[in-house]
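Source file: protein.pdb (PDB, C-alpha atoms and all ligand atoms)
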```
ATOM      1  CA  MET Y   1       0.000   0.000   0.000
ATOM      2  CA  GLY Y   2       1.110   3.612  -0.347
ATOM      3  CA  GLU Y   3       4.441   4.786  -1.578
ATOM      4  CA  PRO Y   4       6.419   2.470  -3.841
ATOM      5  CA  GLY Y   5       9.919   1.507  -2.806
ATOM      6  CA  THR Y   6      13.046   3.101  -4.136
ATOM      7  CA  ARG Y   7      14.663  -0.194  -5.171
ATOM      8  CA  PRO Y   8      13.912  -1.587  -8.586
ATOM      9  CA  ILE Y   9      10.826  -3.618  -7.978
ATOM     10  CA  THR Y  10       8.442  -5.481 -10.156
ATOM     11  CA  ASP Y  11       4.916  -6.752  -9.865
ATOM     12  CA  THR Y  12       5.677 -10.068 -11.477
ATOM     13  CA  VAL Y  13       8.404 -11.698  -9.397
ATOM     14  CA  PRO Y  14       7.220 -15.215  -8.567
ATOM     15  CA  VAL Y  15       7.640 -16.824  -5.179
ATOM     16  CA  THR Y  16      11.090 -18.256  -4.737
ATOM     17  CA  ALA Y  17      10.284 -21.352  -2.728
ATOM     18  CA  PRO Y  18       8.447 -24.063  -4.646
ATOM     19  CA  LEU Y  19       5.133 -25.179  -3.221
ATOM     20  CA  PRO Y  20       4.838 -28.874  -2.488
ATOM     21  CA  GLY Y  21       3.056 -30.432  -5.388
ATOM     22  CA  SER Y  22       1.793 -33.576  -6.964
ATOM     23  CA  ASP Y  23       0.105 -34.329 -10.250
ATOM     24  CA  PRO Y  24      -2.852 -34.302  -9.945
ATOM     25  CA  PRO Y  25      -2.812 -31.822  -7.038
ATOM     26  CA  SER Y  26      -3.676 -33.297  -3.668
ATOM     27  CA  VAL Y  27      -6.972 -32.488  -1.970
ATOM     28  CA  GLU Y  28      -5.014 -30.424   0.581
ATOM     29  CA  ARG Y  29      -3.357 -28.376  -2.179
ATOM     30  CA  ARG Y  30      -6.717 -27.803  -3.874
ATOM     31  CA  TYR Y  31      -8.193 -26.661  -0.539
ATOM     32  CA  LEU Y  32      -5.349 -24.205   0.055
ATOM     33  CA  ASP Y  33      -5.592 -22.792  -3.457
ATOM     34  CA  LEU Y  34      -9.347 -22.425  -3.065
ATOM     35  CA  LEU Y  35      -8.847 -20.811   0.343
ATOM     36  CA  LYS Y  36      -6.441 -18.253  -1.122
ATOM     37  CA  SER Y  37      -8.852 -17.527  -3.944
ATOM     38  CA  ALA Y  38     -11.752 -17.033  -1.526
ATOM     39  CA  LEU Y  39      -9.687 -14.856   0.844
ATOM     40  CA  LEU Y  40      -8.713 -12.654  -2.099
ATOM     41  CA  ASN Y  41     -12.324 -12.614  -3.354
ATOM     42  CA  GLU Y  42     -11.014 -13.607  -6.763
ATOM     43  CA  PRO Y  43     -14.356 -15.144  -7.820
ATOM     44  CA  GLY Y  44     -16.111 -11.884  -6.842
ATOM     45  CA  LEU Y  45     -14.001  -9.375  -8.730
ATOM     46  CA  GLU Y  46     -16.679  -8.685 -11.330
ATOM     47  CA  ALA Y  47     -19.033  -7.693  -8.510
ATOM     48  CA  GLU Y  48     -16.316  -5.436  -7.048
ATOM     49  CA  ALA Y  49     -15.883  -3.756 -10.416
ATOM     50  CA  ALA Y  50     -19.663  -3.320 -10.640
ATOM     51  CA  PHE Y  51     -19.624  -1.703  -7.202
ATOM     52  CA  TYR Y  52     -16.959   0.803  -8.260
ATOM     53  CA  LEU Y  53     -18.893   1.608 -11.425
ATOM     54  CA  ALA Y  54     -22.121   2.097  -9.478
ATOM     55  CA  ARG Y  55     -20.377   4.369  -6.989
ATOM     56  CA  GLU Y  56     -18.822   6.450  -9.728
ATOM     57  CA  ALA Y  57     -22.190   6.729 -11.458
ATOM     58  CA  GLN Y  58     -23.793   7.822  -8.203
ATOM     59  CA  VAL Y  59     -21.170  10.524  -7.671
ATOM     60  CA  ALA Y  60     -21.482  11.684 -11.297
ATOM     61  CA  GLY Y  61     -25.291  11.479 -11.255
ATOM     62  CA  THR Y  62     -25.266   9.252 -14.328
ATOM     63  CA  PRO Y  63     -27.353   6.085 -14.850
ATOM     64  CA  PHE Y  64     -26.077   2.642 -13.897
ATOM     65  CA  THR Y  65     -28.053  -0.347 -15.108
ATOM     66  CA  GLU Y  66     -28.304  -3.945 -13.990
ATOM     67  CA  ALA Y  67     -27.429  -4.980 -17.521
ATOM     68  CA  VAL Y  68     -24.012  -3.376 -17.000
ATOM     69  CA  ALA Y  69     -23.604  -4.903 -13.526
ATOM     70  CA  TYR Y  70     -24.294  -8.414 -14.782
ATOM     71  CA  ASP Y  71     -21.923  -8.235 -17.742
ATOM     72  CA  ILE Y  72     -18.839  -6.400 -16.513
ATOM     73  CA  PRO Y  73     -16.420  -8.257 -18.856
ATOM     74  CA  ARG Y  74     -18.298  -6.774 -21.815
ATOM     75  CA  HIS Y  75     -19.104  -3.321 -20.448
ATOM     76  CA  ALA Y  76     -16.009  -2.528 -18.386
ATOM     77  CA  PRO Y  77     -13.155  -4.882 -19.367
ATOM     78  CA  GLU Y  78     -10.413  -2.356 -18.569
ATOM     79  CA  LEU Y  79     -11.773  -1.669 -15.109
ATOM     80  CA  LEU Y  80     -12.063  -5.398 -14.474
ATOM     81  CA  ALA Y  81      -8.459  -5.902 -15.554
ATOM     82  CA  ARG Y  82      -7.360  -3.124 -13.177
ATOM     83  CA  VAL Y  83      -9.278  -4.690 -10.293
ATOM     84  CA  GLN Y  84      -7.766  -8.109 -11.069
ATOM     85  CA  GLY Y  85      -4.279  -6.644 -11.320
ATOM     86  CA  ALA Y  86      -4.658  -4.774  -8.038
ATOM     87  CA  ARG Y  87      -5.729  -7.959  -6.250
ATOM     88  CA  THR Y  88      -2.908 -10.018  -7.724
ATOM     89  CA  ASN Y  89      -0.344  -7.450  -6.683
ATOM     90  CA  GLY Y  90      -1.848  -6.570  -3.326
ATOM     91  CA  ARG Y  91      -2.647  -2.971  -4.084
ATOM     92  CA  PHE Y  92      -5.768  -0.940  -3.599
ATOM     93  CA  LEU Y  93      -7.503   0.005  -6.813
ATOM     94  CA  ASP Y  94      -5.685   3.020  -8.254
ATOM     95  CA  ASP Y  95      -3.629   3.008  -5.010
ATOM     96  CA  ASP Y  96      -6.596   4.736  -3.378
ATOM     97  CA  LEU Y  97      -7.030   4.091   0.362
ATOM     98  CA  ARG Y  98     -10.770   4.442  -0.168
ATOM     99  CA  ARG Y  99     -10.785   1.423  -2.472
ATOM    100  CA  PRO Y 100      -9.544  -1.493  -0.399
ATOM    101  CA  GLY Y 101     -12.021  -3.830  -2.074
ATOM    102  CA  PHE Y 102     -13.855  -6.750  -0.532
ATOM    103  CA  SER Y 103     -11.107  -9.279   0.012
ATOM    104  CA  TYR Y 104     -10.255 -10.552   3.476
ATOM    105  CA  THR Y 105      -6.624  -9.618   2.969
ATOM    106  CA  MET Y 106      -4.774  -6.852   1.204
ATOM    107  CA  VAL Y 107      -1.601  -8.873   0.664
ATOM    108  CA  GLY Y 108      -2.487 -10.011  -2.847
ATOM    109  CA  ARG Y 109      -1.893 -13.282  -4.635
ATOM    110  CA  HIS Y 110       1.928 -13.136  -4.830
ATOM    111  CA  ARG Y 111       2.345 -12.604  -1.099
ATOM    112  CA  LEU Y 112      -0.246 -15.215  -0.148
ATOM    113  CA  ASP Y 113       1.636 -17.686  -2.335
ATOM    114  CA  GLU Y 114       4.823 -16.614  -0.546
ATOM    115  CA  LEU Y 115       3.224 -17.244   2.845
ATOM    116  CA  ASP Y 116       2.000 -20.611   1.633
ATOM    117  CA  ALA Y 117       5.523 -21.544   0.503
ATOM    118  CA  CYS Y 118       7.207 -20.304   3.691
ATOM    119  CA  LEU Y 119       4.836 -22.288   5.886
ATOM    120  CA  ALA Y 120       5.235 -25.401   3.759
ATOM    121  CA  THR Y 121       9.015 -25.083   4.212
ATOM    122  CA  VAL Y 122       8.681 -24.637   7.974
ATOM    123  CA  LEU Y 123       6.602 -27.799   8.203
ATOM    124  CA  ALA Y 124       8.774 -29.801   5.822
ATOM    125  CA  ASP Y 125      11.897 -28.856   7.786
ATOM    126  CA  ASP Y 126      10.210 -29.351  11.150
ATOM    127  CA  VAL Y 127      11.046 -25.851  12.347
ATOM    128  CA  PRO Y 128       9.422 -25.618  15.775
ATOM    129  CA  GLY Y 129       7.052 -22.913  16.901
ATOM    130  CA  ASP Y 130       3.905 -20.922  16.388
ATOM    131  CA  LEU Y 131       2.845 -18.604  13.576
ATOM    132  CA  VAL Y 132       2.543 -14.923  14.435
ATOM    133  CA  GLU Y 133       1.090 -12.131  12.357
ATOM    134  CA  CYS Y 134       1.443  -8.548  13.600
ATOM    135  CA  GLY Y 135      -0.993  -6.398  11.648
ATOM    136  CA  VAL Y 136      -3.966  -8.499  10.525
ATOM    137  CA  TRP Y 137      -6.582  -5.982   9.238
ATOM    138  CA  ARG Y 138      -9.536  -8.165   8.149
ATOM    139  CA  GLY Y 139      -7.602 -11.298   9.068
ATOM    140  CA  GLY Y 140      -7.024 -12.932   5.680
ATOM    141  CA  ALA Y 141      -3.348 -13.833   5.960
ATOM    142  CA  SER Y 142      -3.841 -15.220   9.480
ATOM    143  CA  ILE Y 143      -6.917 -17.118   8.318
ATOM    144  CA  PHE Y 144      -4.783 -18.644   5.587
ATOM    145  CA  LEU Y 145      -2.192 -19.746   8.152
ATOM    146  CA  ARG Y 146      -4.885 -21.408  10.274
ATOM    147  CA  GLY Y 147      -6.355 -23.069   7.195
ATOM    148  CA  ALA Y 148      -2.942 -24.380   6.204
ATOM    149  CA  LEU Y 149      -2.408 -25.916   9.649
ATOM    150  CA  ALA Y 150      -5.800 -27.588   9.261
ATOM    151  CA  ALA Y 151      -4.964 -28.830   5.772
ATOM    152  CA  TYR Y 152      -1.677 -30.328   6.928
ATOM    153  CA  GLY Y 153      -3.274 -31.836  10.041
ATOM    154  CA  VAL Y 154      -1.083 -29.795  12.406
ATOM    155  CA  THR Y 155      -2.654 -29.545  15.850
ATOM    156  CA  ASP Y 156       0.265 -28.414  18.020
ATOM    157  CA  ARG Y 157       0.852 -24.938  16.607
ATOM    158  CA  THR Y 158      -1.112 -21.749  17.225
ATOM    159  CA  VAL Y 159      -1.776 -18.767  14.977
ATOM    160  CA  TRP Y 160      -1.348 -15.488  16.853
ATOM    161  CA  ALA Y 161      -3.291 -12.614  15.309
ATOM    162  CA  CYS Y 162      -1.973  -9.362  16.784
ATOM    163  CA  ASP Y 163      -3.466  -5.968  16.043
ATOM    164  CA  SER Y 164      -4.913  -2.914  17.704
ATOM    165  CA  PHE Y 165      -8.129  -3.924  15.911
ATOM    166  CA  ALA Y 166      -8.607  -0.171  15.813
ATOM    167  CA  GLY Y 167      -6.320   0.764  12.935
ATOM    168  CA  LEU Y 168      -2.953   2.447  12.912
ATOM    169  CA  PRO Y 169      -1.816   4.354  15.967
ATOM    170  CA  ALA Y 170      -0.781   7.963  15.651
ATOM    171  CA  PRO Y 171       2.681   8.030  14.058
ATOM    172  CA  GLY Y 172       5.096   6.973  16.790
ATOM    173  CA  SER Y 173       8.371   8.060  15.250
ATOM    174  CA  GLU Y 174       9.708  10.782  13.033
ATOM    175  CA  HIS Y 175      10.413   7.973  10.569
ATOM    176  CA  ASP Y 176       6.733   7.031  10.330
ATOM    177  CA  ILE Y 177       4.734   8.092   7.351
ATOM    178  CA  GLN Y 178       2.537  10.838   8.687
ATOM    179  CA  ASP Y 179      -0.560  10.445   6.561
ATOM    180  CA  LEU Y 180      -2.028   7.087   7.590
ATOM    181  CA  SER Y 181      -3.672   8.040  10.876
ATOM    182  CA  PRO Y 182      -6.969   6.350  11.809
ATOM    183  CA  ASP Y 183      -8.760   9.515  10.734
ATOM    184  CA  VAL Y 184      -7.214   9.349   7.289
ATOM    185  CA  ALA Y 185      -7.442   5.584   6.864
ATOM    186  CA  PRO Y 186     -10.496   4.399   8.847
ATOM    187  CA  GLU Y 187     -10.697   1.351   6.570
ATOM    188  CA  LEU Y 188      -7.708  -0.064   8.461
ATOM    189  CA  ALA Y 189      -9.746  -0.281  11.679
ATOM    190  CA  VAL Y 190     -11.455  -3.689  11.844
ATOM    191  CA  SER Y 191     -12.679  -4.873  15.236
ATOM    192  CA  GLN Y 192     -11.523  -8.141  16.789
ATOM    193  CA  ASP Y 193     -15.113  -9.417  16.745
ATOM    194  CA  ARG Y 194     -15.317  -8.819  13.041
ATOM    195  CA  VAL Y 195     -11.983 -10.514  12.376
ATOM    196  CA  ALA Y 196     -13.135 -13.453  14.514
ATOM    197  CA  SER Y 197     -16.308 -13.618  12.435
ATOM    198  CA  HIS Y 198     -14.137 -13.893   9.315
ATOM    199  CA  PHE Y 199     -12.276 -16.877  10.804
ATOM    200  CA  GLU Y 200     -15.690 -18.321  11.667
ATOM    201  CA  ALA Y 201     -16.942 -17.794   8.126
ATOM    202  CA  PHE Y 202     -14.165 -20.070   6.901
ATOM    203  CA  GLY Y 203     -14.750 -22.621   9.668
ATOM    204  CA  LEU Y 204     -11.341 -21.796  11.166
ATOM    205  CA  LEU Y 205     -12.081 -20.172  14.520
ATOM    206  CA  ASP Y 206     -10.915 -22.437  17.330
ATOM    207  CA  ASP Y 207      -8.387 -22.693  20.128
ATOM    208  CA  GLN Y 208      -5.495 -22.787  17.670
ATOM    209  CA  VAL Y 209      -6.145 -19.083  17.083
ATOM    210  CA  ARG Y 210      -5.207 -16.415  19.625
ATOM    211  CA  PHE Y 211      -6.044 -12.761  19.289
ATOM    212  CA  VAL Y 212      -3.757 -10.193  20.867
ATOM    213  CA  GLU Y 213      -5.530  -6.864  21.002
ATOM    214  CA  GLY Y 214      -3.706  -3.582  21.543
ATOM    215  CA  TYR Y 215      -0.932  -1.456  20.145
ATOM    216  CA  PHE Y 216       2.277  -3.397  19.626
ATOM    217  CA  GLU Y 217       4.142  -1.003  21.878
ATOM    218  CA  ASN Y 218       1.981  -2.309  24.752
ATOM    219  CA  THR Y 219       1.372  -5.926  23.789
ATOM    220  CA  MET Y 220       4.636  -7.143  22.249
ATOM    221  CA  PRO Y 221       7.125  -6.755  25.115
ATOM    222  CA  ASP Y 222       5.197  -9.191  27.351
ATOM    223  CA  LEU Y 223       3.778 -11.521  24.727
ATOM    224  CA  GLU Y 224       3.879 -15.051  26.135
ATOM    225  CA  VAL Y 225       4.386 -16.720  22.820
ATOM    226  CA  GLY Y 226       7.279 -19.126  23.211
ATOM    227  CA  THR Y 227       9.057 -20.239  20.057
ATOM    228  CA  ILE Y 228       8.026 -18.750  16.709
ATOM    229  CA  ALA Y 229       8.415 -20.582  13.395
ATOM    230  CA  LEU Y 230       7.019 -17.814  11.213
ATOM    231  CA  LEU Y 231       6.761 -14.134  12.082
ATOM    232  CA  ARG Y 232       4.784 -11.991   9.659
ATOM    233  CA  LEU Y 233       5.251  -8.230  10.000
ATOM    234  CA  ASP Y 234       2.495  -6.130   8.476
ATOM    235  CA  GLY Y 235       2.210  -2.999  10.576
ATOM    236  CA  ASP Y 236       3.204  -0.493   7.887
ATOM    237  CA  TYR Y 237       5.011   1.958  10.158
ATOM    238  CA  TYR Y 238       8.708   2.163  11.017
ATOM    239  CA  SER Y 239       7.817   2.093  14.714
ATOM    240  CA  SER Y 240       5.353  -0.810  14.409
ATOM    241  CA  THR Y 241       7.936  -2.854  12.505
ATOM    242  CA  MET Y 242      10.804  -2.065  14.870
ATOM    243  CA  THR Y 243       8.719  -2.700  17.996
ATOM    244  CA  VAL Y 244       7.804  -6.198  16.823
ATOM    245  CA  LEU Y 245      11.322  -7.071  15.697
ATOM    246  CA  ASP Y 246      12.790  -5.865  18.995
ATOM    247  CA  ALA Y 247      10.282  -7.896  21.005
ATOM    248  CA  LEU Y 248       9.956 -11.104  19.000
ATOM    249  CA  TYR Y 249      13.022 -11.696  16.813
ATOM    250  CA  ASP Y 250      14.861 -13.638  19.479
ATOM    251  CA  SER Y 251      11.884 -16.005  19.772
ATOM    252  CA  VAL Y 252      12.105 -16.996  16.100
ATOM    253  CA  ALA Y 253      13.595 -20.476  15.807
ATOM    254  CA  PRO Y 254      16.651 -21.091  13.607
ATOM    255  CA  GLY Y 255      15.264 -21.884  10.174
ATOM    256  CA  GLY Y 256      12.165 -19.819  10.891
ATOM    257  CA  PHE Y 257      10.929 -17.112   8.555
ATOM    258  CA  ILE Y 258      10.560 -13.393   9.054
ATOM    259  CA  VAL Y 259       8.069 -12.247   6.438
ATOM    260  CA  VAL Y 260       7.923  -8.494   5.863
ATOM    261  CA  ASP Y 261       4.904  -7.201   4.007
ATOM    262  CA  ASP Y 262       5.999  -3.597   3.694
ATOM    263  CA  TYR Y 263       9.638  -3.848   2.646
ATOM    264  CA  GLY Y 264       8.802  -1.819  -0.462
ATOM    265  CA  LEU Y 265       7.825   1.107   1.743
ATOM    266  CA  SER Y 266      10.845   3.196   2.652
ATOM    267  CA  TYR Y 267       9.949   3.680   6.319
ATOM    268  CA  CYS Y 268       9.369  -0.039   6.947
ATOM    269  CA  ARG Y 269      12.489  -0.978   4.995
ATOM    270  CA  GLN Y 270      14.487   1.480   7.106
ATOM    271  CA  ALA Y 271      13.342  -0.283  10.279
ATOM    272  CA  VAL Y 272      14.194  -3.722   8.876
ATOM    273  CA  ASP Y 273      17.580  -2.643   7.527
ATOM    274  CA  GLU Y 274      18.495  -0.869  10.768
ATOM    275  CA  PHE Y 275      17.457  -3.868  12.846
ATOM    276  CA  ARG Y 276      19.379  -6.325  10.685
ATOM    277  CA  ALA Y 277      22.480  -4.130  10.740
ATOM    278  CA  ALA Y 278      22.300  -3.679  14.520
ATOM    279  CA  ARG Y 279      21.910  -7.438  15.038
ATOM    280  CA  GLY Y 280      24.426  -8.456  12.401
ATOM    281  CA  VAL Y 281      21.841 -10.380  10.372
ATOM    282  CA  THR Y 282      23.317 -11.298   7.013
ATOM    283  CA  ALA Y 283      20.765 -13.862   5.794
ATOM    284  CA  PRO Y 284      19.702 -12.646   2.347
ATOM    285  CA  ILE Y 285      16.375 -10.901   1.931
ATOM    286  CA  GLU Y 286      14.274 -12.379  -0.832
ATOM    287  CA  GLN Y 287      11.931  -9.881  -2.449
ATOM    288  CA  VAL Y 288       8.644 -11.419  -3.553
ATOM    289  CA  ASP Y 289       6.771  -8.641  -5.285
ATOM    290  CA  TRP Y 290       6.762  -4.846  -5.227
ATOM    291  CA  THR Y 291       6.771  -4.832  -1.430
ATOM    292  CA  GLY Y 292       6.774  -8.323   0.058
ATOM    293  CA  ALA Y 293      10.048  -9.847   1.258
ATOM    294  CA  HIS Y 294      11.325 -12.426   3.698
ATOM    295  CA  TRP Y 295      14.458 -13.864   5.181
ATOM    296  CA  ARG Y 296      15.164 -17.083   6.961
ATOM    297  CA  LYS Y 297      16.845 -17.006  10.343
ATOM    298  CA  GLU Y 298      20.184 -18.705  10.284
ATOM    299  CA  ALA Y 299      21.177 -21.233  12.889
TER
HETATM  300  C1  LIG G 301      -1.687  -3.238   6.238
HETATM  301  S1  LIG G 301      -2.757  -3.728   7.493
HETATM  302  C2  LIG G 301      -2.465  -5.462   7.685
HETATM  303  C3  LIG G 301      -2.930  -6.273   6.492
HETATM  304  C4  LIG G 301      -3.169  -7.737   6.787
HETATM  305  N1  LIG G 301      -1.969  -8.454   7.155
HETATM  306  C5  LIG G 301      -3.844  -8.451   5.632
HETATM  307  O1  LIG G 301      -3.681  -9.685   5.524
HETATM  308  O2  LIG G 301      -4.549  -7.805   4.870
HETATM  309  C6  LIG G 301      -1.922  -3.028   8.880
HETATM  310  C7  LIG G 301      -2.539  -3.412  10.210
HETATM  311  O3  LIG G 301      -1.567  -3.142  11.198
HETATM  312  C8  LIG G 301      -2.207  -2.655  12.360
HETATM  313  N2  LIG G 301      -1.197  -1.893  13.093
HETATM  314  C9  LIG G 301      -0.243  -1.076  12.575
HETATM  315  N3  LIG G 301       0.545  -0.592  13.544
HETATM  316  C10 LIG G 301       0.097  -1.131  14.694
HETATM  317  C11 LIG G 301       0.521  -1.039  16.056
HETATM  318  N4  LIG G 301       1.558  -0.268  16.407
HETATM  319  N5  LIG G 301      -0.145  -1.735  16.977
HETATM  320  C12 LIG G 301      -1.194  -2.528  16.637
HETATM  321  N6  LIG G 301      -1.656  -2.658  15.368
HETATM  322  C13 LIG G 301      -1.010  -1.964  14.413
HETATM  323  C14 LIG G 301      -3.392  -1.865  11.829
HETATM  324  O4  LIG G 301      -4.428  -1.808  12.781
HETATM  325  C15 LIG G 301      -3.795  -2.653  10.584
HETATM  326  O5  LIG G 301      -4.827  -3.570  10.861
END
```

As structure tokens, what does this structure read like?
Amino acid sequence: MGEPGTRPITDTVPVTAPLPGSDPPSVERRYLDLLKSALLNEPGLEAEAAFYLAREAQVAGTPFTEAVAYDIPRHAPELLARVQGARTNGRFLDDDLRRPGFSYTMVGRHRLDELDACLATVLADDVPGDLVECGVWRGGASIFLRGALAAYGVTDRTVWACDSFAGLPAPGSEHDIQDLSPDVAPELAVSQDRVASHFEAFGLLDDQVRFVEGYFENTMPDLEVGTIALLRLDGDYYSSTMTVLDALYDSVAPGGFIVVDDYGLSYCRQAVDEFRAARGVTAPIEQVDWTGAHWRKEA
């Protein structure tokens, strides 16, 4: 979301880790692909495009007919392509904060595939620990993690979904972008009850999910999480990113993944780069798309 990074980045970089596969795909693989598609609302993108058209018509005071709504590929193919592209790349339509769409996650297809691959690697390599996401919004990426544990029959790991559930805090550092306050971006505020209802909608709300409500500055230092196999950072800000790394990095098991959603945003990248430099982390960062990246903790 927001400002593009200063490094050369592309929207088409594929995930680097191969997903486990078989031919024909296993039932588990089909479930996970279907889950990703549903979380991204990929089957509903025509309806999203119709919604945008209807809203624009309302603002312009021009007519909008059902005939148009029911045949978007014919009447608005370019808009539909833009909506599809935005969802694939994890962007809001036209990079407009007011157009977050109707998916359960804003991470997009490339980064969900990345998460899928990282988790598959963790399980294949038996890296111990729980799965933690800091910054969950509507919950989609965390829901995917819970669904993947279910698909693989894993019952001894927990998904921790950590968020204020009230949107971004006021900028906490001079390094933080200053224009994403809750007033400016109310769409980022999704209550814990609503996120829980999203888990429920996918049949994935149970005691392998823990919600941690509050600003990271308050919740992270005392988080009783134990060992972490996968830590997903998606708090946008410099301060949110640094707070989580400071509090949780040492709990990540060797071989575990640190997945950074906002590495394409200069303020988040600054926090990650500063942290890695301060801690002498030299494990290479793999960039996944225009903003997603991860590294694997060395032994
Ligand atoms: C970009 S959204 C997360 C997107 C989400 N991972 C997804 O799958 O769509 C950023 C989230 O981080 C949360 N957040 C950012 N900084 C925070 C902080 N310091 N404490 C708690 N929550 C924070 C916001 O409330 C928001 O829900």

Spatial neighbours of region 117-134 of chain Y, max dist 7 Å, all atoms listed in the file, sep filter under 2 positions, as number ranges by chain: Y: 17-19, 113-115, 136, 142, 157-163, 227-235, 253, 255-257

Could you list, as an MDAnalysis selection string, all residues that come within 9 Å of ligand LIG 301 (chain G)? Count all atoms listed in the file. chainID Y and resid 1 90 103:108 112 133:143 162:172 182 187:190 213:220 232:241 243:244 261:262

Go ahead and dump the residues you just picked, C-alpha atoms, as an mmCIF file, keeping the file's coordinate frame.
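This went into out.cif:
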```cif
data_model
loop_
_atom_site.group_PDB
_atom_site.id
_atom_site.type_symbol
_atom_site.label_atom_id
_atom_site.label_comp_id
_atom_site.auth_asym_id
_atom_site.auth_seq_id
_atom_site.Cartn_x
_atom_site.Cartn_y
_atom_site.Cartn_z
ATOM 1 C CA MET Y 1 0.000 0.000 0.000
ATOM 2 C CA GLY Y 90 -1.848 -6.570 -3.326
ATOM 3 C CA SER Y 103 -11.107 -9.279 0.012
ATOM 4 C CA TYR Y 104 -10.255 -10.552 3.476
ATOM 5 C CA THR Y 105 -6.624 -9.618 2.969
ATOM 6 C CA MET Y 106 -4.774 -6.852 1.204
ATOM 7 C CA VAL Y 107 -1.601 -8.873 0.664
ATOM 8 C CA GLY Y 108 -2.487 -10.011 -2.847
ATOM 9 C CA LEU Y 112 -0.246 -15.215 -0.148
ATOM 10 C CA GLU Y 133 1.090 -12.131 12.357
ATOM 11 C CA CYS Y 134 1.443 -8.548 13.600
ATOM 12 C CA GLY Y 135 -0.993 -6.398 11.648
ATOM 13 C CA VAL Y 136 -3.966 -8.499 10.525
ATOM 14 C CA TRP Y 137 -6.582 -5.982 9.238
ATOM 15 C CA ARG Y 138 -9.536 -8.165 8.149
ATOM 16 C CA GLY Y 139 -7.602 -11.298 9.068
ATOM 17 C CA GLY Y 140 -7.024 -12.932 5.680
ATOM 18 C CA ALA Y 141 -3.348 -13.833 5.960
ATOM 19 C CA SER Y 142 -3.841 -15.220 9.480
ATOM 20 C CA ILE Y 143 -6.917 -17.118 8.318
ATOM 21 C CA CYS Y 162 -1.973 -9.362 16.784
ATOM 22 C CA ASP Y 163 -3.466 -5.968 16.043
ATOM 23 C CA SER Y 164 -4.913 -2.914 17.704
ATOM 24 C CA PHE Y 165 -8.129 -3.924 15.911
ATOM 25 C CA ALA Y 166 -8.607 -0.171 15.813
ATOM 26 C CA GLY Y 167 -6.320 0.764 12.935
ATOM 27 C CA LEU Y 168 -2.953 2.447 12.912
ATOM 28 C CA PRO Y 169 -1.816 4.354 15.967
ATOM 29 C CA ALA Y 170 -0.781 7.963 15.651
ATOM 30 C CA PRO Y 171 2.681 8.030 14.058
ATOM 31 C CA GLY Y 172 5.096 6.973 16.790
ATOM 32 C CA PRO Y 182 -6.969 6.350 11.809
ATOM 33 C CA GLU Y 187 -10.697 1.351 6.570
ATOM 34 C CA LEU Y 188 -7.708 -0.064 8.461
ATOM 35 C CA ALA Y 189 -9.746 -0.281 11.679
ATOM 36 C CA VAL Y 190 -11.455 -3.689 11.844
ATOM 37 C CA GLU Y 213 -5.530 -6.864 21.002
ATOM 38 C CA GLY Y 214 -3.706 -3.582 21.543
ATOM 39 C CA TYR Y 215 -0.932 -1.456 20.145
ATOM 40 C CA PHE Y 216 2.277 -3.397 19.626
ATOM 41 C CA GLU Y 217 4.142 -1.003 21.878
ATOM 42 C CA ASN Y 218 1.981 -2.309 24.752
ATOM 43 C CA THR Y 219 1.372 -5.926 23.789
ATOM 44 C CA MET Y 220 4.636 -7.143 22.249
ATOM 45 C CA ARG Y 232 4.784 -11.991 9.659
ATOM 46 C CA LEU Y 233 5.251 -8.230 10.000
ATOM 47 C CA ASP Y 234 2.495 -6.130 8.476
ATOM 48 C CA GLY Y 235 2.210 -2.999 10.576
ATOM 49 C CA ASP Y 236 3.204 -0.493 7.887
ATOM 50 C CA TYR Y 237 5.011 1.958 10.158
ATOM 51 C CA TYR Y 238 8.708 2.163 11.017
ATOM 52 C CA SER Y 239 7.817 2.093 14.714
ATOM 53 C CA SER Y 240 5.353 -0.810 14.409
ATOM 54 C CA THR Y 241 7.936 -2.854 12.505
ATOM 55 C CA THR Y 243 8.719 -2.700 17.996
ATOM 56 C CA VAL Y 244 7.804 -6.198 16.823
ATOM 57 C CA ASP Y 261 4.904 -7.201 4.007
ATOM 58 C CA ASP Y 262 5.999 -3.597 3.694
#
```

From the list Y:Val272, Y:Ala148, Y:Ala277, Y:Ala201, the nearest residue to Arg29 (chain Y) using all atoms listed in the file is Y:Ala148

Hey, what's within 9 Å of Glu42 (chain Y) if we count all atoms listed in the file and toss same-chain stuff fewer than 5 positions away? As a PyMOL selection string, please? chain Y and resi 36-37+84+87-88+103

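Computed from the coordinates, the CA of Arg269 (chain Y) to CA of Gly226 (chain Y) distance equals 26.2 Å.
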
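Taking CA of Arg98 (chain Y) as the reference point, CA of Tyr52 (chain Y) is found at 10.8 Å.
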